[in-house]
Amino acid sequence: MQRQQWIRVLLVLCSLMAVLAANEVAAPALSFGSSIAIPPCTHLQVAAENSEGAAGTGAVIVLLANPGAVCEVTGFPTVVFFNNKGIAVDTHNDHVSSMLFASPKAKLVVLQRNMVASFAISWDDNPVVLNSGVSTKCPSALWMAVSLSGGVRNSIGGPAIWASPCGGDLTVTAIQAGVTPMKS
């Protein structure tokens, strides 16, 4: 019994040491104004969580994982939804708050190796009623293209999604550190 407790204590201590060591790597460049430049992220892995929705709004959170060396990313991604034939469904990106997500200002996000940043996309999923009174069906989107700005080259993803956006506009938040963008 005592041996198991010591093993648990040892594992916790090792985990804490790893976290502290990771923070030490970032501290000189961030807090002391070091002249060491952090390069822009060029090879992020892009993945989408399951689509969700509430009261006429659909949403998805997109994760950006850094498998490589320390890098930085900032700004608003450009997102385009595509149907099963590869035709763009929604292409206009807005950068305002939505019913589900806040709209924080774009700021620099430094990603250590194996760290994650995220942003959110939301859209109207209520069918559009035409002048004739007929309700149109919202188009189905099955995948999206994500492009990041600021010199990011090979970070274009095509995560699968299941969405029915209406109206042509996607509300896209700024990239934020961590796996959950700010809620409204």
# chains A, B, ... in the order shown; residues from 1 in each chain; ligands from 1
$ residues_around --residues "Asp90 (chain A)" --least-positions-apart "2" --cutoff "12 Å" --atoms "only C-alpha atoms" --output "ChimeraX atom specification"
/A:78-83,86-88,92-94,121-125,138-145,163-171
$ write_last_selection --atoms "N, CA, C and O atoms" --output "short mmCIF file (atom, residue, chain, number, x, y, z; two decimals), in the first residue's frame"
data_model
loop_
_atom_site.label_atom_id
_atom_site.label_comp_id
_atom_site.auth_asym_id
_atom_site.auth_seq_id
_atom_site.Cartn_x
_atom_site.Cartn_y
_atom_site.Cartn_z
N THR A 78 -9.25 32.38 -42.10
CA THR A 78 -10.24 32.45 -43.17
C THR A 78 -10.81 31.05 -43.33
O THR A 78 -10.06 30.08 -43.43
N VAL A 79 -12.13 30.96 -43.32
CA VAL A 79 -12.81 29.67 -43.36
C VAL A 79 -13.79 29.64 -44.53
O VAL A 79 -14.50 30.61 -44.77
N VAL A 80 -13.80 28.53 -45.26
CA VAL A 80 -14.76 28.32 -46.33
C VAL A 80 -15.36 26.93 -46.12
O VAL A 80 -14.62 25.96 -45.94
N PHE A 81 -16.69 26.84 -46.14
CA PHE A 81 -17.38 25.55 -46.06
C PHE A 81 -17.63 25.04 -47.48
O PHE A 81 -17.94 25.82 -48.39
N PHE A 82 -17.53 23.72 -47.67
CA PHE A 82 -17.75 23.09 -48.97
C PHE A 82 -18.77 21.97 -48.85
O PHE A 82 -18.83 21.28 -47.83
N ASN A 83 -19.52 21.75 -49.94
CA ASN A 83 -20.46 20.63 -49.96
C ASN A 83 -19.76 19.37 -50.43
O ASN A 83 -18.54 19.37 -50.68
N GLY A 86 -17.52 19.59 -53.52
CA GLY A 86 -16.38 20.50 -53.50
C GLY A 86 -16.73 21.93 -53.87
O GLY A 86 -15.85 22.73 -54.16
N ILE A 87 -18.01 22.26 -53.86
CA ILE A 87 -18.46 23.61 -54.18
C ILE A 87 -18.58 24.41 -52.89
O ILE A 87 -19.15 23.93 -51.90
N ALA A 88 -18.03 25.62 -52.90
CA ALA A 88 -18.07 26.46 -51.71
C ALA A 88 -19.52 26.79 -51.35
O ALA A 88 -20.30 27.20 -52.20
N HIS A 92 -18.12 34.07 -46.87
CA HIS A 92 -17.92 35.39 -46.26
C HIS A 92 -17.69 35.24 -44.76
O HIS A 92 -18.52 34.65 -44.07
N ASN A 93 -16.57 35.75 -44.26
CA ASN A 93 -16.23 35.65 -42.84
C ASN A 93 -16.47 36.98 -42.15
O ASN A 93 -16.00 38.02 -42.62
N ASP A 94 -17.20 36.96 -41.04
CA ASP A 94 -17.39 38.13 -40.17
C ASP A 94 -16.57 37.91 -38.90
O ASP A 94 -16.38 36.78 -38.48
N ILE A 121 -16.28 28.97 -34.97
CA ILE A 121 -17.05 29.38 -36.13
C ILE A 121 -18.51 29.19 -35.77
O ILE A 121 -18.89 28.16 -35.21
N SER A 122 -19.34 30.17 -36.08
CA SER A 122 -20.78 30.00 -35.90
C SER A 122 -21.50 30.53 -37.12
O SER A 122 -20.94 31.31 -37.89
N TRP A 123 -22.74 30.09 -37.31
CA TRP A 123 -23.50 30.45 -38.49
C TRP A 123 -24.98 30.33 -38.19
O TRP A 123 -25.40 29.65 -37.26
N ASP A 124 -25.76 31.01 -39.00
CA ASP A 124 -27.21 30.92 -38.92
C ASP A 124 -27.63 29.63 -39.61
O ASP A 124 -27.19 29.36 -40.73
N ASP A 125 -28.47 28.82 -38.96
CA ASP A 125 -28.93 27.61 -39.63
C ASP A 125 -30.45 27.56 -39.76
O ASP A 125 -31.06 26.50 -39.84
N CYS A 138 -31.43 24.87 -46.34
CA CYS A 138 -30.04 25.31 -46.14
C CYS A 138 -29.10 24.30 -46.79
O CYS A 138 -29.33 23.09 -46.71
N PRO A 139 -28.03 24.76 -47.43
CA PRO A 139 -27.10 23.83 -48.06
C PRO A 139 -26.34 23.02 -47.01
O PRO A 139 -26.11 23.49 -45.90
N SER A 140 -25.97 21.82 -47.37
CA SER A 140 -25.19 20.98 -46.47
C SER A 140 -23.71 21.18 -46.74
O SER A 140 -23.27 21.20 -47.88
N ALA A 141 -22.95 21.32 -45.66
CA ALA A 141 -21.49 21.42 -45.76
C ALA A 141 -20.89 20.18 -45.12
O ALA A 141 -21.33 19.76 -44.05
N LEU A 142 -19.91 19.58 -45.79
CA LEU A 142 -19.30 18.36 -45.27
C LEU A 142 -17.84 18.52 -44.87
O LEU A 142 -17.29 17.66 -44.21
N TRP A 143 -17.21 19.59 -45.32
CA TRP A 143 -15.83 19.85 -44.91
C TRP A 143 -15.54 21.32 -45.04
O TRP A 143 -16.32 22.06 -45.64
N MET A 144 -14.46 21.76 -44.45
CA MET A 144 -14.08 23.17 -44.50
C MET A 144 -12.60 23.32 -44.79
O MET A 144 -11.81 22.42 -44.49
N ALA A 145 -12.26 24.44 -45.38
CA ALA A 145 -10.86 24.80 -45.58
C ALA A 145 -10.55 25.92 -44.60
O ALA A 145 -11.32 26.86 -44.46
N ALA A 163 -22.76 20.39 -41.26
CA ALA A 163 -23.40 21.66 -40.99
C ALA A 163 -24.38 22.00 -42.10
O ALA A 163 -24.22 21.54 -43.23
N SER A 164 -25.36 22.81 -41.76
CA SER A 164 -26.31 23.33 -42.74
C SER A 164 -26.40 24.84 -42.56
O SER A 164 -27.37 25.35 -42.02
N PRO A 165 -25.37 25.55 -43.00
CA PRO A 165 -25.37 27.01 -42.82
C PRO A 165 -26.27 27.70 -43.84
O PRO A 165 -26.33 27.31 -45.00
N CYS A 166 -26.97 28.72 -43.38
CA CYS A 166 -27.82 29.52 -44.25
C CYS A 166 -27.36 30.97 -44.23
O CYS A 166 -26.87 31.44 -43.21
N GLY A 167 -27.51 31.63 -45.31
CA GLY A 167 -27.24 33.06 -45.33
C GLY A 167 -25.88 33.46 -45.85
O GLY A 167 -25.63 34.62 -46.09
N GLY A 168 -24.97 32.53 -46.01
CA GLY A 168 -23.69 32.85 -46.61
C GLY A 168 -22.61 33.42 -45.71
O GLY A 168 -21.49 33.60 -46.13
N ASP A 169 -22.93 33.74 -44.45
CA ASP A 169 -21.94 34.34 -43.55
C ASP A 169 -21.50 33.35 -42.48
O ASP A 169 -22.33 32.65 -41.89
N LEU A 170 -20.21 33.33 -42.22
CA LEU A 170 -19.64 32.56 -41.11
C LEU A 170 -19.03 33.56 -40.14
O LEU A 170 -18.26 34.42 -40.55
N THR A 171 -19.35 33.44 -38.87
CA THR A 171 -18.74 34.29 -37.86
C THR A 171 -17.54 33.54 -37.30
O THR A 171 -17.68 32.44 -36.76
#
$ atom_distance --atom1 "CA of Gly75 (chain A)" --atom2 "CA of Ala117 (chain A)"
11.8 Å
$ closest_residue --among "A:Leu108, A:Ile61, A:Val179, A:Ala174" --to "Glu49 (chain A)" --atoms "only C-alpha atoms"
A:Ile61
$ residues_around --residues "Pro104 (chain A)" --least-positions-apart "6" --cutoff "9 Å" --atoms "only C-alpha atoms" --output "count of residues only"
7
$ closest_residue --among "A:Asn84, A:Ala106, A:Phe76, A:Met99" --to "Ser149 (chain A)" --atoms "only C-alpha atoms"
A:Phe76
$ residues_around --residues "Ala69 (chain A)" --least-positions-apart "4" --cutoff "9 Å" --atoms "only C-alpha atoms" --output "short mmCIF file (atom, residue, chain, number, x, y, z; two decimals) with N, CA and C atoms, in the first residue's frame"
data_model
loop_
_atom_site.label_atom_id
_atom_site.label_comp_id
_atom_site.auth_asym_id
_atom_site.auth_seq_id
_atom_site.Cartn_x
_atom_site.Cartn_y
_atom_site.Cartn_z
N CYS A 41 4.09 30.00 -36.91
CA CYS A 41 3.77 28.58 -37.08
C CYS A 41 3.58 28.29 -38.56
N LEU A 111 2.76 29.07 -29.22
CA LEU A 111 2.47 27.65 -29.03
C LEU A 111 3.75 26.87 -28.81
N GLN A 112 3.88 26.30 -27.63
CA GLN A 112 4.97 25.37 -27.36
C GLN A 112 4.70 24.09 -28.15
N ARG A 113 5.66 23.22 -28.22
CA ARG A 113 5.49 21.91 -28.87
C ARG A 113 4.35 21.17 -28.19
N ASN A 114 3.46 20.57 -29.00
CA ASN A 114 2.31 19.80 -28.53
C ASN A 114 1.26 20.62 -27.79
#
$ residues_around --residues "Ala47 (chain A)" --least-positions-apart "6" --cutoff "12 Å" --atoms "only C-alpha atoms" --output "list in words"
Val60, Ile61, Val62, Leu63, Leu64, Ala65, Asn66, Val116, Ala117, Ser118, Phe119, Ala120, Trp143, Met144, Ala145, Val146, Ser155, Ile156, Gly157, Gly158, Pro159, Ala160, Ile161 and Val179 of chain A
